[in-house]
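Peer 1: Have a peek at query_7.cif (mmCIF, C-alpha atoms).
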```cif
data_coords
#
loop_
_atom_site.label_atom_id
_atom_site.label_comp_id
_atom_site.auth_asym_id
_atom_site.auth_seq_id
_atom_site.Cartn_x
_atom_site.Cartn_y
_atom_site.Cartn_z
CA MET A 449 -19.98 1.75 1.51
CA ARG A 450 -22.49 1.92 4.40
CA LEU A 451 -24.00 4.93 2.61
CA ALA A 452 -24.30 2.95 -0.62
CA LEU A 453 -26.04 0.08 1.22
CA GLU A 454 -28.52 2.57 2.67
CA PHE A 455 -29.22 4.13 -0.73
CA LYS A 456 -29.82 0.71 -2.25
CA GLY A 457 -32.19 -0.07 0.61
CA LEU A 458 -30.26 -3.20 1.56
CA SER A 459 -30.17 -4.57 5.07
CA TYR A 460 -26.81 -5.56 6.51
CA GLU A 461 -25.16 -6.47 9.74
CA TYR A 462 -22.60 -3.92 10.80
CA VAL A 463 -19.47 -5.38 12.42
CA PRO A 464 -17.23 -2.65 13.84
CA VAL A 465 -13.48 -2.87 13.18
CA HIS A 466 -11.75 -0.61 15.66
CA LEU A 467 -8.72 0.98 14.00
CA VAL A 468 -6.97 2.12 17.17
CA ARG A 469 -7.99 -0.11 20.09
CA GLU A 470 -5.68 -3.09 20.77
CA GLY A 471 -3.22 -1.75 18.20
CA GLY A 472 -5.92 -1.87 15.50
CA THR A 473 -8.34 -4.79 15.21
CA GLN A 474 -7.95 -4.58 11.41
CA PHE A 475 -4.64 -6.42 11.94
CA SER A 476 -6.25 -9.40 13.73
CA PRO A 477 -5.80 -12.79 12.02
CA SER A 478 -9.56 -13.19 11.57
CA TYR A 479 -9.93 -9.84 9.78
CA ARG A 480 -6.77 -10.40 7.75
CA ARG A 481 -8.26 -13.59 6.38
CA LEU A 482 -11.12 -11.50 4.98
CA ASN A 483 -8.95 -8.60 3.94
CA PRO A 484 -5.18 -9.24 3.63
CA GLN A 485 -4.67 -5.51 3.25
CA SER A 486 -6.05 -4.89 6.78
CA ARG A 487 -8.16 -2.02 5.54
CA VAL A 488 -11.81 -1.16 6.01
CA PRO A 489 -14.36 -1.69 4.66
CA THR A 490 -15.01 -5.31 3.75
CA LEU A 491 -18.43 -6.49 2.57
CA GLU A 492 -19.09 -10.17 3.21
CA VAL A 493 -21.74 -11.54 0.92
CA ALA A 494 -22.59 -15.09 -0.12
CA GLY A 495 -19.36 -16.38 1.42
CA ARG A 496 -17.20 -13.87 -0.39
CA ALA A 497 -15.30 -10.92 0.98
CA LEU A 498 -15.47 -7.83 -1.21
CA THR A 499 -12.92 -5.10 -0.55
CA GLN A 500 -12.13 -1.51 -1.62
CA SER A 501 -15.08 0.89 -1.25
CA MET A 502 -15.23 1.89 -4.92
CA ALA A 503 -15.22 -1.76 -6.04
CA ILE A 504 -17.95 -2.57 -3.52
CA MET A 505 -20.09 0.37 -4.66
CA GLU A 506 -19.69 -0.67 -8.32
CA TRP A 507 -20.72 -4.22 -7.32
CA LEU A 508 -23.80 -2.88 -5.52
CA GLU A 509 -24.65 -0.78 -8.57
CA GLU A 510 -24.36 -3.78 -10.91
CA THR A 511 -26.29 -6.22 -8.72
CA HIS A 512 -28.88 -3.75 -7.34
CA PRO A 513 -29.28 -1.16 -10.08
CA ASP A 514 -32.26 0.58 -8.51
CA PRO A 515 -32.03 3.37 -7.40
CA PRO A 516 -29.01 4.12 -9.60
CA LEU A 517 -25.86 5.66 -8.13
CA LEU A 518 -24.39 6.32 -11.59
CA PRO A 519 -26.01 8.23 -14.49
CA ALA A 520 -27.15 6.34 -17.58
CA ASP A 521 -24.78 7.92 -20.13
CA ALA A 522 -21.12 6.94 -20.41
CA PHE A 523 -19.76 10.50 -20.20
CA GLY A 524 -21.86 11.16 -17.10
CA ARG A 525 -20.66 7.92 -15.52
CA ALA A 526 -17.05 8.86 -16.29
CA ARG A 527 -17.60 12.27 -14.66
CA VAL A 528 -19.16 10.83 -11.50
CA ARG A 529 -16.43 8.19 -11.17
CA SER A 530 -13.75 10.82 -11.73
CA LEU A 531 -15.19 13.08 -9.00
CA ALA A 532 -15.43 10.11 -6.64
CA LEU A 533 -11.88 8.93 -7.40
CA LEU A 534 -10.48 12.42 -6.88
CA LEU A 535 -11.47 11.88 -3.23
CA VAL A 536 -11.02 8.12 -2.91
CA ALA A 537 -7.65 7.93 -4.67
CA ASP A 538 -6.09 11.34 -4.13
CA VAL A 539 -7.31 12.65 -0.78
CA GLN A 540 -8.35 9.78 1.49
CA PRO A 541 -5.08 7.80 1.10
CA LEU A 542 -3.07 10.79 2.35
CA GLN A 543 -5.13 11.55 5.42
CA ASN A 544 -5.96 8.12 6.74
CA LEU A 545 -4.93 6.85 10.14
CA ALA A 546 -2.12 4.59 8.92
CA VAL A 547 -0.39 7.49 7.20
CA THR A 548 -0.76 10.04 9.99
CA LYS A 549 0.42 7.41 12.50
CA TYR A 550 3.53 6.73 10.38
CA LEU A 551 4.23 10.44 9.98
CA LYS A 552 4.04 10.91 13.75
CA GLU A 553 5.82 7.78 14.92
CA VAL A 554 8.40 7.13 12.21
CA VAL A 555 9.02 10.41 10.41
CA GLY A 556 8.73 12.27 13.72
CA ALA A 557 6.31 14.93 12.48
CA GLY A 558 5.01 17.20 15.25
CA GLU A 559 1.46 18.50 15.69
CA SER A 560 1.95 21.48 13.42
CA ALA A 561 3.72 19.53 10.64
CA LEU A 562 0.87 17.02 10.78
CA ARG A 563 -1.74 19.77 10.56
CA ASN A 564 0.10 21.24 7.56
CA TRP A 565 0.26 17.83 5.88
CA LEU A 566 -3.48 17.30 6.24
CA GLY A 567 -4.23 20.87 5.19
CA GLU A 568 -2.04 20.45 2.11
CA TRP A 569 -3.54 17.24 0.72
CA VAL A 570 -7.12 17.73 1.78
CA GLY A 571 -6.81 21.32 0.54
CA ARG A 572 -5.42 20.35 -2.88
CA GLY A 573 -8.10 17.71 -3.40
CA MET A 574 -11.04 19.67 -2.07
CA GLY A 575 -9.83 22.78 -3.92
CA ALA A 576 -9.77 20.91 -7.22
CA LEU A 577 -13.16 19.33 -6.49
CA GLU A 578 -14.62 22.76 -5.66
CA VAL A 579 -13.37 24.20 -8.97
CA ARG A 580 -14.89 21.29 -10.88
CA LEU A 581 -18.24 21.37 -9.09
CA ALA A 582 -18.48 25.16 -9.32
CA THR A 583 -17.60 25.38 -13.02
CA GLU A 584 -18.86 22.20 -14.68
CA THR A 585 -22.38 22.53 -16.04
CA ASP A 586 -23.45 19.02 -15.02
CA THR A 587 -23.37 19.98 -11.34
CA GLY A 588 -26.88 20.41 -9.96
CA LEU A 589 -28.38 20.14 -6.50
CA PHE A 590 -25.92 17.28 -6.12
CA CYS A 591 -22.53 16.54 -7.72
CA HIS A 592 -24.14 15.38 -10.95
CA GLY A 593 -27.64 16.65 -11.64
CA ASP A 594 -30.40 16.79 -9.08
CA ARG A 595 -30.21 13.27 -7.68
CA PRO A 596 -27.64 11.97 -5.23
CA GLY A 597 -25.11 9.45 -6.58
CA LEU A 598 -21.78 7.82 -6.04
CA ALA A 599 -19.76 11.06 -6.03
CA ASP A 600 -22.06 12.51 -3.37
CA LEU A 601 -21.52 9.51 -1.10
CA CYS A 602 -17.76 10.05 -1.37
CA LEU A 603 -18.18 13.80 -0.81
CA VAL A 604 -20.17 13.20 2.40
CA ALA A 605 -17.57 10.74 3.70
CA GLN A 606 -14.72 13.10 2.81
CA CYS A 607 -16.34 16.14 4.46
CA TYR A 608 -16.85 14.07 7.61
CA ALA A 609 -13.22 12.92 7.56
CA ALA A 610 -11.89 16.43 6.89
CA ARG A 611 -13.83 17.85 9.85
CA ARG A 612 -12.62 15.02 12.05
CA VAL A 613 -8.99 15.93 11.36
CA GLY A 614 -9.74 19.63 11.82
CA VAL A 615 -9.53 20.88 8.22
CA ASP A 616 -11.59 24.03 7.59
CA LEU A 617 -14.03 23.55 4.70
CA GLY A 618 -15.12 27.19 4.57
CA ARG A 619 -13.28 27.81 1.29
CA TYR A 620 -15.40 25.26 -0.57
CA PRO A 621 -18.92 26.69 -0.82
CA THR A 622 -20.17 24.32 -3.51
CA ILE A 623 -18.92 21.28 -1.61
CA LEU A 624 -20.55 22.58 1.59
CA ARG A 625 -23.83 23.27 -0.22
CA ILE A 626 -23.96 19.70 -1.57
CA ASP A 627 -22.86 18.21 1.75
CA ALA A 628 -25.63 20.11 3.55
CA ARG A 629 -28.20 18.93 1.02
CA CYS A 630 -27.00 15.33 1.46
CA ALA A 631 -27.19 15.66 5.24
CA GLU A 632 -30.98 16.01 4.93
CA LEU A 633 -31.39 12.69 3.14
CA PRO A 634 -32.74 9.87 5.32
CA GLU A 635 -30.14 7.44 3.91
CA VAL A 636 -27.32 9.73 5.01
CA LEU A 637 -28.87 10.24 8.43
CA ARG A 638 -29.14 6.48 8.94
CA ALA A 639 -25.52 5.86 7.91
CA ALA A 640 -24.04 8.63 10.07
CA PRO A 641 -20.96 7.43 11.97
CA GLU A 642 -22.33 8.75 15.28
CA ARG A 643 -25.36 6.53 14.88
CA GLN A 644 -23.34 3.32 14.58
CA PRO A 645 -23.10 0.89 17.52
CA ASP A 646 -19.38 1.56 17.99
CA ALA A 647 -19.68 5.36 17.96
CA GLU A 648 -17.55 7.08 20.58
CA GLY A 649 -18.43 10.22 22.45
CA MET B 852 -4.60 4.58 -19.38
CA ARG B 853 -2.20 4.36 -22.33
CA LEU B 854 -2.13 0.60 -21.72
CA ALA B 855 -5.93 0.45 -21.81
CA LEU B 856 -6.01 2.37 -25.10
CA GLU B 857 -3.52 -0.12 -26.57
CA PHE B 858 -5.57 -3.11 -25.37
CA LYS B 859 -8.72 -1.63 -26.88
CA GLY B 860 -6.84 -1.10 -30.15
CA LEU B 861 -7.67 2.60 -30.20
CA SER B 862 -5.47 5.17 -31.85
CA TYR B 863 -4.66 8.32 -29.92
CA GLU B 864 -2.37 11.29 -29.98
CA TYR B 865 0.03 11.30 -27.05
CA VAL B 866 0.72 14.75 -25.60
CA PRO B 867 3.48 14.63 -22.97
CA VAL B 868 2.95 16.55 -19.73
CA HIS B 869 6.33 16.94 -18.08
CA LEU B 870 5.92 16.74 -14.31
CA VAL B 871 9.28 18.23 -13.36
CA ARG B 872 10.48 20.53 -16.13
CA GLU B 873 9.56 24.25 -15.73
CA GLY B 874 8.22 23.50 -12.25
CA GLY B 875 5.77 20.96 -13.68
CA THR B 876 3.83 21.60 -16.90
CA GLN B 877 0.78 20.01 -15.25
CA PHE B 878 0.35 23.35 -13.46
CA SER B 879 0.18 25.39 -16.70
CA PRO B 880 -3.08 27.34 -17.24
CA SER B 881 -3.83 25.38 -20.43
CA TYR B 882 -3.53 21.98 -18.68
CA ARG B 883 -5.42 23.21 -15.64
CA ARG B 884 -8.36 24.10 -17.85
CA LEU B 885 -8.51 20.44 -18.88
CA ASN B 886 -7.73 19.07 -15.44
CA PRO B 887 -8.18 21.44 -12.46
CA GLN B 888 -6.45 18.88 -10.26
CA SER B 889 -3.21 19.23 -12.30
CA ARG B 890 -2.79 15.47 -12.41
CA VAL B 891 -2.06 13.10 -15.25
CA PRO B 892 -3.60 11.50 -17.19
CA THR B 893 -6.35 13.35 -19.02
CA LEU B 894 -8.11 11.80 -22.02
CA GLU B 895 -9.59 14.38 -24.38
CA VAL B 896 -12.37 12.91 -26.47
CA ALA B 897 -15.22 14.57 -28.39
CA GLY B 898 -14.48 17.92 -26.76
CA ARG B 899 -14.55 16.48 -23.24
CA ALA B 900 -11.72 15.99 -20.82
CA LEU B 901 -11.90 12.72 -18.89
CA THR B 902 -9.76 12.44 -15.77
CA GLN B 903 -8.69 9.82 -13.20
CA SER B 904 -7.19 6.66 -14.74
CA MET B 905 -9.75 4.26 -13.24
CA ALA B 906 -12.67 6.40 -14.47
CA ILE B 907 -11.08 6.60 -17.93
CA MET B 908 -10.54 2.83 -18.05
CA GLU B 909 -14.16 2.21 -17.01
CA TRP B 910 -15.29 4.61 -19.76
CA LEU B 911 -13.17 2.79 -22.33
CA GLU B 912 -14.63 -0.53 -21.14
CA GLU B 913 -18.21 0.76 -21.47
CA THR B 914 -17.77 2.41 -24.85
CA HIS B 915 -15.38 -0.14 -26.40
CA PRO B 916 -16.30 -3.43 -24.72
CA ASP B 917 -14.14 -5.60 -26.97
CA PRO B 918 -11.70 -6.98 -25.91
CA PRO B 919 -13.02 -6.85 -22.34
CA LEU B 920 -10.82 -5.61 -19.49
CA LEU B 921 -13.32 -6.81 -16.86
CA PRO B 922 -14.78 -10.32 -16.45
CA ALA B 923 -18.45 -10.93 -17.24
CA ASP B 924 -19.63 -11.89 -13.73
CA ALA B 925 -20.25 -9.33 -10.99
CA PHE B 926 -18.08 -11.06 -8.35
CA GLY B 927 -15.22 -11.31 -10.83
CA ARG B 928 -15.61 -7.65 -11.75
CA ALA B 929 -15.58 -6.71 -8.07
CA ARG B 930 -12.40 -8.72 -7.55
CA VAL B 931 -10.58 -7.16 -10.50
CA ARG B 932 -11.64 -3.64 -9.48
CA SER B 933 -10.56 -4.32 -5.91
CA LEU B 934 -7.10 -5.53 -7.01
CA ALA B 935 -6.75 -2.50 -9.26
CA LEU B 936 -7.88 -0.07 -6.55
CA LEU B 937 -5.48 -1.57 -4.03
CA LEU B 938 -2.76 -0.12 -6.26
CA VAL B 939 -4.52 2.96 -7.62
CA ALA B 940 -5.98 4.16 -4.33
CA ASP B 941 -3.59 2.79 -1.70
CA VAL B 942 -0.13 2.66 -3.24
CA GLN B 943 0.18 5.14 -6.09
CA PRO B 944 -1.10 8.16 -4.08
CA LEU B 945 1.65 7.66 -1.49
CA GLN B 946 4.56 7.35 -3.87
CA ASN B 947 3.78 9.94 -6.49
CA LEU B 948 6.01 12.89 -7.26
CA ALA B 949 3.85 15.50 -5.52
CA VAL B 950 4.05 13.59 -2.22
CA THR B 951 7.76 12.80 -2.32
CA LYS B 952 8.49 16.42 -3.27
CA TYR B 953 6.46 17.66 -0.30
CA LEU B 954 8.17 15.20 2.04
CA LYS B 955 11.56 16.41 0.86
CA GLU B 956 10.94 20.14 0.64
CA VAL B 957 8.40 20.82 3.38
CA VAL B 958 8.69 18.00 5.91
CA GLY B 959 12.47 17.97 5.44
CA ALA B 960 12.76 14.21 4.96
CA GLY B 961 16.27 13.10 3.98
CA GLU B 962 17.23 10.44 1.42
CA SER B 963 16.92 7.56 3.86
CA ALA B 964 13.60 8.70 5.39
CA LEU B 965 12.25 9.02 1.87
CA ARG B 966 13.47 5.55 0.95
CA ASN B 967 11.82 4.16 4.09
CA TRP B 968 8.56 5.95 3.27
CA LEU B 969 8.44 4.47 -0.22
CA GLY B 970 9.45 1.03 1.04
CA GLU B 971 6.73 1.16 3.69
CA TRP B 972 3.76 2.05 1.48
CA VAL B 973 4.79 0.24 -1.67
CA GLY B 974 5.70 -2.71 0.57
CA ARG B 975 2.36 -2.77 2.41
CA GLY B 976 0.38 -2.54 -0.83
CA MET B 977 2.44 -4.97 -2.87
CA GLY B 978 2.63 -7.36 0.11
CA ALA B 979 -1.16 -7.44 0.39
CA LEU B 980 -1.52 -7.81 -3.38
CA GLU B 981 0.97 -10.69 -3.37
CA VAL B 982 -1.00 -12.51 -0.62
CA ARG B 983 -4.22 -12.08 -2.56
CA LEU B 984 -2.80 -13.16 -5.92
CA ALA B 985 -0.95 -16.13 -4.38
CA THR B 986 -3.92 -17.43 -2.36
CA GLU B 987 -7.09 -16.56 -4.27
CA THR B 988 -8.17 -19.29 -6.64
CA ASP B 989 -9.28 -16.90 -9.41
CA THR B 990 -5.66 -15.94 -10.09
CA GLY B 991 -4.39 -17.53 -13.30
CA LEU B 992 -1.70 -16.65 -15.79
CA PHE B 993 -2.84 -13.11 -15.11
CA CYS B 994 -4.44 -11.43 -12.06
CA HIS B 995 -7.85 -12.89 -12.88
CA GLY B 996 -7.86 -15.97 -15.05
CA ASP B 997 -5.77 -16.44 -18.13
CA ARG B 998 -6.50 -13.22 -19.96
CA PRO B 999 -5.03 -9.82 -19.16
CA GLY B 1000 -7.42 -7.24 -17.71
CA LEU B 1001 -7.73 -4.02 -15.79
CA ALA B 1002 -5.89 -5.25 -12.69
CA ASP B 1003 -2.95 -6.38 -14.83
CA LEU B 1004 -2.66 -2.95 -16.43
CA CYS B 1005 -2.44 -1.41 -12.95
CA LEU B 1006 0.05 -4.07 -11.84
CA VAL B 1007 2.34 -3.32 -14.80
CA ALA B 1008 2.19 0.42 -14.13
CA GLN B 1009 2.83 -0.12 -10.42
CA CYS B 1010 5.81 -2.44 -10.97
CA TYR B 1011 7.30 0.14 -13.31
CA ALA B 1012 6.78 2.91 -10.75
CA ALA B 1013 8.18 0.82 -7.90
CA ARG B 1014 11.35 0.06 -9.85
CA ARG B 1015 11.73 3.71 -10.79
CA VAL B 1016 11.77 4.71 -7.11
CA GLY B 1017 14.14 1.86 -6.27
CA VAL B 1018 11.80 -0.51 -4.41
CA ASP B 1019 12.91 -4.16 -4.56
CA LEU B 1020 10.11 -6.40 -5.87
CA GLY B 1021 11.94 -9.67 -5.15
CA ARG B 1022 9.59 -10.54 -2.28
CA TYR B 1023 6.57 -10.68 -4.57
CA PRO B 1024 7.00 -13.73 -6.81
CA THR B 1025 3.40 -13.88 -8.04
CA ILE B 1026 3.40 -10.19 -8.93
CA LEU B 1027 6.72 -10.61 -10.75
CA ARG B 1028 5.44 -13.67 -12.63
CA ILE B 1029 2.38 -11.77 -13.87
CA ASP B 1030 4.41 -8.65 -14.66
CA ALA B 1031 6.84 -10.74 -16.74
CA ARG B 1032 3.97 -12.38 -18.59
CA CYS B 1033 2.43 -8.96 -19.30
CA ALA B 1034 5.78 -7.64 -20.54
CA GLU B 1035 5.56 -10.09 -23.45
CA LEU B 1036 2.24 -8.71 -24.68
CA PRO B 1037 2.49 -6.48 -27.76
CA GLU B 1038 0.08 -3.95 -26.20
CA VAL B 1039 2.36 -3.58 -23.18
CA LEU B 1040 5.46 -3.27 -25.37
CA ARG B 1041 3.83 -0.52 -27.40
CA ALA B 1042 2.77 1.44 -24.30
CA ALA B 1043 6.14 1.19 -22.55
CA PRO B 1044 7.23 4.56 -21.11
CA GLU B 1045 10.65 4.32 -22.74
CA ARG B 1046 9.00 4.09 -26.14
CA GLN B 1047 7.10 7.35 -25.75
CA PRO B 1048 8.26 10.51 -27.58
CA ASP B 1049 9.17 12.26 -24.31
CA ALA B 1050 11.21 9.37 -22.89
CA GLU B 1051 14.40 10.43 -21.18
CA GLY B 1052 17.64 8.52 -21.16
#
```
Take the structure in this file and express it as structure tokens.
Peer 2:
Amino acid sequence: MRLALEFKGLSYEYVPVHLVREGGTQFSPSYRRLNPQSRVPTLEVAGRALTQSMAIMEWLEETHPDPPLLPADAFGRARVRSLALLLVADVQPLQNLAVTKYLKEVVGAGESALRNWLGEWVGRGMGALEVRLATETDTGLFCHGDRPGLADLCLVAQCYAARRVGVDLGRYPTILRIDARCAELPEVLRAAPERQPDAEG
Amino acid sequence: MRLALEFKGLSYEYVPVHLVREGGTQFSPSYRRLNPQSRVPTLEVAGRALTQSMAIMEWLEETHPDPPLLPADAFGRARVRSLALLLVADVQPLQNLAVTKYLKEVVGAGESALRNWLGEWVGRGMGALEVRLATETDTGLFCHGDRPGLADLCLVAQCYAARRVGVDLGRYPTILRIDARCAELPEVLRAAPERQPDAEG
């Protein structure tokens, strides 16, 4: 979502929500009022709290159409959304902190079982994404053609998350090529997690 | 997706993909060509294969706007998408067959651990959805106002899935009220899983 705000050239105030400290500040009463699901991100705008990254990005696209994050044609839009959702709905939910915490603390999974779990789901998702990007003719310098869009934002976020949990991305050359290209964009540089005020060493 | 096709009044040919039989027909070479992720559903249209339910529903909405599955205003659209994604991206991925199979066969989770897992994630998601639906003023007879839309289709599918895996929905009165209302709609009756050609007793 921060990436989408940068691409749209919108200014915003970033309020960190620390997911680990104090048992997770996303569970605080004040954050829960904004987001009963206790998940990040939330975008507060005009007194409303918008939740779910994909829904927020679609809202940004509808209210600030320029520069576009989705192609103009319906089939292209369906492709970009499908690539994005492959990551947002099928990979991210299985590797997020809440799930790995539950696996460790409740299921009793050890380090190696946890590593296998992450490798399995990130691997299945990234493997399928790699096949699509490498074989579908609409792929260009970016996920869809030669301009960055919504699927690229999700790809950047997912590559960052996969590296953070120690998943090797070497088997996904097309994904790595697009991620590297994105990493040169000023919007991506500005939104980088390590450049945020709550970044940890 | 089948629900969305029914609401849009579109005719389609239903091709069952059996997720268990023969080790899962979603892994067959012919289905993989359509959907490299080996997930259901896929909508084939004009020689293209559209994947990811949310992306397919957005495509249907763009190409067949009447009757609408999203409200006209941007904040309303963001709310409906957010409610839908709460289920599509945060509940469904944690209770689907691939995940429960992996938990059983690889992690070695027993019956009770599996029941707890499902109760945990379906419970967290449905609990948050219940709070939102019960407290947000845009909720009406359906998730958003008095006409069924995209979030309702996801709610119906999620209630069905939760019952199938034995999760008690009694703690979610608003969700149950909307689900019951949806169950009376002819489109929902026509799309019911037990009315499909591959339904099992």
Peer 1: Run the PyMOL selection byres ((chain A) within 9 of (chain B)) mentally over the shown coordinates, then write out the matched residues as a PyMOL selection string, using the chain letters and numbers from the document.
Peer 2: chain A and resi 483-486+496+498-504+506-507+510-511+522-523+525-531+533-534+536-542+547+550+554-555+557+561+565+569+572-573+575-577+579-580
Peer 1: Quick one: what's the axis-aligned box for region 1022-1027 of chain B, all listed atoms, 3 Å on every side, centre and edges in Å to one decimal, as lines of an AutoDock Vina configuration file?
Peer 2:
```
center_x = 6.5
center_y = -12.0
center_z = -6.5
size_x = 12.2
size_y = 9.7
size_z = 14.5
```
Peer 1: Just give me the gap between CA of Ser881 (chain B) and CA of Pro867 (chain B) in Å, one decimal is fine.
Peer 2: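 CA of Pro867 (chain B) lies at a distance of 13.2 Å from CA of Ser881 (chain B).
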Peer 1: To test your reading of the syntax: which residues would the PyMOL selection byres ((chain B and resi 1004) around 10) return for the file shown? Reply as number ranges by chain.
Peer 2: B: 852-855, 858, 908, 920, 935, 994, 999-1003, 1005-1009, 1030, 1033, 1039
Peer 1: Could you please determine the separation between CA of Ala923 (chain B) and CA of Glu492 (chain A) in Å, to one decimal place?
Peer 2: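 These atoms are spaced 20.5 Å apart.
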Peer 1: What is the CA of Arg611 (chain A) to CA of Val463 (chain A) distance in Å?
Peer 2: 24.0 Å
Peer 1: Write out as a list of chain:residue names which residues come within 9 Å of Ala1013 (chain B) when counting all atoms listed in the file, dropping same-chain ones fewer than 5 positions away.
Peer 2: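 Answer for this query is B:Gln946, B:Leu969, B:Val973, B:Ala1008, B:Val1018, B:Asp1019, B:Leu1020.
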Peer 1: Name the residues in contact with Val465 (chain A) at a cut-off of 8 Å, using only C-alpha atoms, excluding same-chain residues fewer than 5 positions from it; report them as a list in words.
Peer 2: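 Once the nearby chain positions are removed, what remains is Gly472, Thr473, Gln474 and Val488 of chain A.
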Peer 1: Calculated over all atoms listed in the file, which of the candidates A:Arg619, A:Gly457, A:Ala628, A:Ser476 has the smallest distance to Phe590 (chain A)?
Peer 2: A:Ala628
